[in-house]
file final-v6.pdb (PDB, C-alpha atoms, pLDDT in the B column)
ATOM      1  CA  MET Q  30      -2.547  10.849  -1.273  1.00 76.00           C
ATOM      2  CA  LYS Q  31      -1.610   8.775  -4.296  1.00 81.00           C
ATOM      3  CA  ALA Q  32      -3.947   7.568  -7.015  1.00 82.00           C
ATOM      4  CA  LYS Q  33      -3.193   4.242  -8.673  1.00 84.00           C
ATOM      5  CA  LYS Q  34      -6.321   3.385 -10.579  1.00 83.00           C
ATOM      6  CA  PRO Q  35      -8.744   2.186  -9.457  1.00 86.00           C
ATOM      7  CA  PHE Q  36      -7.419   2.787  -5.916  1.00 87.00           C
ATOM      8  CA  LEU Q  37      -6.518   5.774  -3.795  1.00 85.00           C
ATOM      9  CA  PHE Q  38      -3.703   5.315  -1.273  1.00 86.00           C
ATOM     10  CA  SER Q  39      -3.069   7.681   1.613  1.00 83.00           C
ATOM     11  CA  TYR Q  40      -0.543   8.072   4.382  1.00 78.00           C
ATOM     12  CA  VAL Q  41      -0.549  10.499   7.298  1.00 80.00           C
ATOM     13  CA  ILE Q  42       2.790  11.751   8.555  1.00 75.00           C
ATOM     14  CA  LYS Q  43       3.998  14.397  10.924  1.00 77.00           C
ATOM     15  CA  GLY Q  44       7.100  15.885   9.364  1.00 74.00           C
ATOM     16  CA  GLN Q  45       8.486  16.399   5.889  1.00 74.00           C
ATOM     17  CA  THR Q  46       5.906  15.826   3.207  1.00 78.00           C
ATOM     18  CA  TYR Q  47       8.360  15.352   0.328  1.00 77.00           C
ATOM     19  CA  SER Q  48       9.926  12.232   1.842  1.00 84.00           C
ATOM     20  CA  ALA Q  49       6.467  10.958   2.789  1.00 84.00           C
ATOM     21  CA  MET Q  50       5.311  11.277  -0.819  1.00 87.00           C
ATOM     22  CA  GLN Q  51       8.427   9.447  -2.027  1.00 91.00           C
ATOM     23  CA  LYS Q  52       7.736   6.617   0.410  1.00 90.00           C
ATOM     24  CA  LEU Q  53       4.065   6.423  -0.570  1.00 90.00           C
ATOM     25  CA  GLU Q  54       5.092   6.334  -4.240  1.00 92.00           C
ATOM     26  CA  ALA Q  55       7.516   3.488  -3.476  1.00 93.00           C
ATOM     27  CA  LEU Q  56       4.861   1.496  -1.601  1.00 93.00           C
ATOM     28  CA  THR Q  57       2.235   1.886  -4.339  1.00 93.00           C
ATOM     29  CA  ARG Q  58       4.809   0.947  -6.984  1.00 93.00           C
ATOM     30  CA  ILE Q  59       5.718  -2.246  -5.091  1.00 94.00           C
ATOM     31  CA  ILE Q  60       2.068  -3.152  -4.515  1.00 94.00           C
ATOM     32  CA  GLY Q  61       1.315  -2.496  -8.191  1.00 92.00           C
ATOM     33  CA  THR Q  62       4.048  -4.876  -9.298  1.00 94.00           C
ATOM     34  CA  SER Q  63       2.891  -7.665  -6.977  1.00 94.00           C
ATOM     35  CA  THR Q  64       0.382  -9.570  -9.075  1.00 95.00           C
ATOM     36  CA  SER Q  65      -1.014 -11.502  -6.130  1.00 95.00           C
ATOM     37  CA  ILE Q  66      -1.644  -8.409  -3.987  1.00 95.00           C
ATOM     38  CA  TRP Q  67      -2.978  -6.369  -6.898  1.00 94.00           C
ATOM     39  CA  ASN Q  68      -5.382  -9.123  -7.988  1.00 95.00           C
ATOM     40  CA  ASP Q  69      -6.504  -9.644  -4.393  1.00 96.00           C
ATOM     41  CA  LEU Q  70      -7.253  -5.913  -4.023  1.00 94.00           C
ATOM     42  CA  HIS Q  71      -9.328  -5.988  -7.222  1.00 94.00           C
ATOM     43  CA  ARG Q  72     -11.173  -9.109  -6.061  1.00 95.00           C
ATOM     44  CA  ALA Q  73     -11.947  -7.511  -2.715  1.00 94.00           C
ATOM     45  CA  ILE Q  74     -13.419  -4.434  -4.396  1.00 92.00           C
ATOM     46  CA  LYS Q  75     -15.536  -6.469  -6.817  1.00 94.00           C
ATOM     47  CA  THR Q  76     -16.887  -8.796  -4.136  1.00 95.00           C
ATOM     48  CA  SER Q  77     -17.062  -6.307  -1.225  1.00 95.00           C
ATOM     49  CA  LYS Q  78     -14.937  -8.731   0.785  1.00 95.00           C
ATOM     50  CA  THR Q  79     -11.691  -8.168   2.648  1.00 95.00           C
ATOM     51  CA  ILE Q  80      -8.327  -9.043   1.181  1.00 96.00           C
ATOM     52  CA  SER Q  81      -6.775 -12.362   2.109  1.00 96.00           C
ATOM     53  CA  ALA Q  82      -4.700 -12.716   5.261  1.00 97.00           C
ATOM     54  CA  GLY Q  83      -1.682 -13.431   3.075  1.00 96.00           C
ATOM     55  CA  SER Q  84      -2.061 -10.188   1.143  1.00 96.00           C
ATOM     56  CA  LYS Q  85      -2.641  -8.228   4.338  1.00 96.00           C
ATOM     57  CA  ASN Q  86       0.524  -9.679   5.849  1.00 97.00           C
ATOM     58  CA  MET Q  87       2.514  -8.908   2.704  1.00 96.00           C
ATOM     59  CA  ILE Q  88       1.257  -5.305   2.667  1.00 95.00           C
ATOM     60  CA  ASP Q  89       2.070  -4.945   6.373  1.00 95.00           C
ATOM     61  CA  GLU Q  90       5.624  -6.174   5.790  1.00 95.00           C
ATOM     62  CA  LEU Q  91       6.089  -3.906   2.779  1.00 95.00           C
ATOM     63  CA  ALA Q  92       4.809  -0.933   4.783  1.00 92.00           C
ATOM     64  CA  LYS Q  93       7.257  -1.724   7.596  1.00 93.00           C
ATOM     65  CA  MET Q  94      10.106  -1.766   5.079  1.00 93.00           C
ATOM     66  CA  VAL Q  95       9.096   1.461   3.353  1.00 92.00           C
ATOM     67  CA  PHE Q  96       7.976   3.283   6.529  1.00 87.00           C
ATOM     68  CA  PRO Q  97      10.375   2.044   9.235  1.00 86.00           C
ATOM     69  CA  SER Q  98       9.479   2.997  12.798  1.00 79.00           C
ATOM     70  CA  LYS Q  99      11.765   5.368  14.647  1.00 71.00           C
ATOM     71  CA  ALA Q 100      11.829   3.214  17.786  1.00 59.00           C
TER      72      ALA Q 100
END
call {"tool": "encode", "arguments": {"input": "final-v6.pdb", "output": "structure tokens"}}
result
Amino acid sequence: MKAKKPFLFSYVIKGQTYSAMQKLEALTRIIGTSTSIWNDLHRAIKTSKTISAGSKNMIDELAKMVFPSKA
């Protein structure tokens, strides 16, 4: 789990926790530096709405980069 105020990010992994924490830290750092995603997350919390499709897609792509599948 990683706190980045006002949010709490989590990631479940089977395996080494140190590398998982490094990856979660990297993802939250990238999200925090993306003004559009960060503002959209704040807007969603304030309005009780979901984030935009664009932000969701960006987060999905970032997660795929940071947490590549082992396929």
call {"tool": "atom_distance", "arguments": {"input": "final-v6.pdb", "atom1": "CA of Ser65 (chain Q)", "atom2": "CA of Ser84 (chain Q)"}}
result
7.5 Å
call {"tool": "axis_aligned_box", "arguments": {"input": "final-v6.pdb", "around": "region 35-53 of chain Q", "padding_each_side": "4 Å", "output": "AutoDock Vina command-line options"}}
result
--center_x 0.6 --center_y 9.3 --center_z 0.7 --size_x 26.7 --size_y 22.2 --size_z 28.4
call {"tool": "residues_near_point", "arguments": {"input": "final-v6.pdb", "point": "(-2.7, -2.2, -9.4)", "cutoff": "9 Å", "atoms": "only C-alpha atoms", "output": "list in words"}}
result
Lys33, Lys34, Pro35, Phe36, Thr57, Arg58, Ile60, Gly61, Thr62, Ser63, Thr64, Ile66, Trp67, Asn68, Leu70 and His71 of chain Q
call {"tool": "atom_distance", "arguments": {"input": "final-v6.pdb", "atom1": "CA of Ala92 (chain Q)", "atom2": "CA of Leu56 (chain Q)"}}
result
6.8 Å
call {"tool": "closest_residue", "arguments": {"input": "final-v6.pdb", "among": "Q:Leu53, Q:Ala82, Q:Ile59, Q:Ala32", "to": "Phe96 (chain Q)", "atoms": "all atoms listed in the file"}}
result
Q:Leu53
call {"tool": "atom_distance", "arguments": {"input": "final-v6.pdb", "atom1": "CA of Ala55 (chain Q)", "atom2": "CA of Met87 (chain Q)"}}
result
14.7 Å
call {"tool": "closest_residue", "arguments": {"input": "final-v6.pdb", "among": "Q:Lys78, Q:Val41, Q:Lys52, Q:Arg72", "to": "Met94 (chain Q)", "atoms": "all atoms listed in the file"}}
result
Q:Lys52
call {"tool": "closest_residue", "arguments": {"input": "final-v6.pdb", "among": "Q:Ile88, Q:Ile74, Q:Val95, Q:Ile80", "to": "Ser48 (chain Q)", "atoms": "all atoms listed in the file"}}
result
Q:Val95
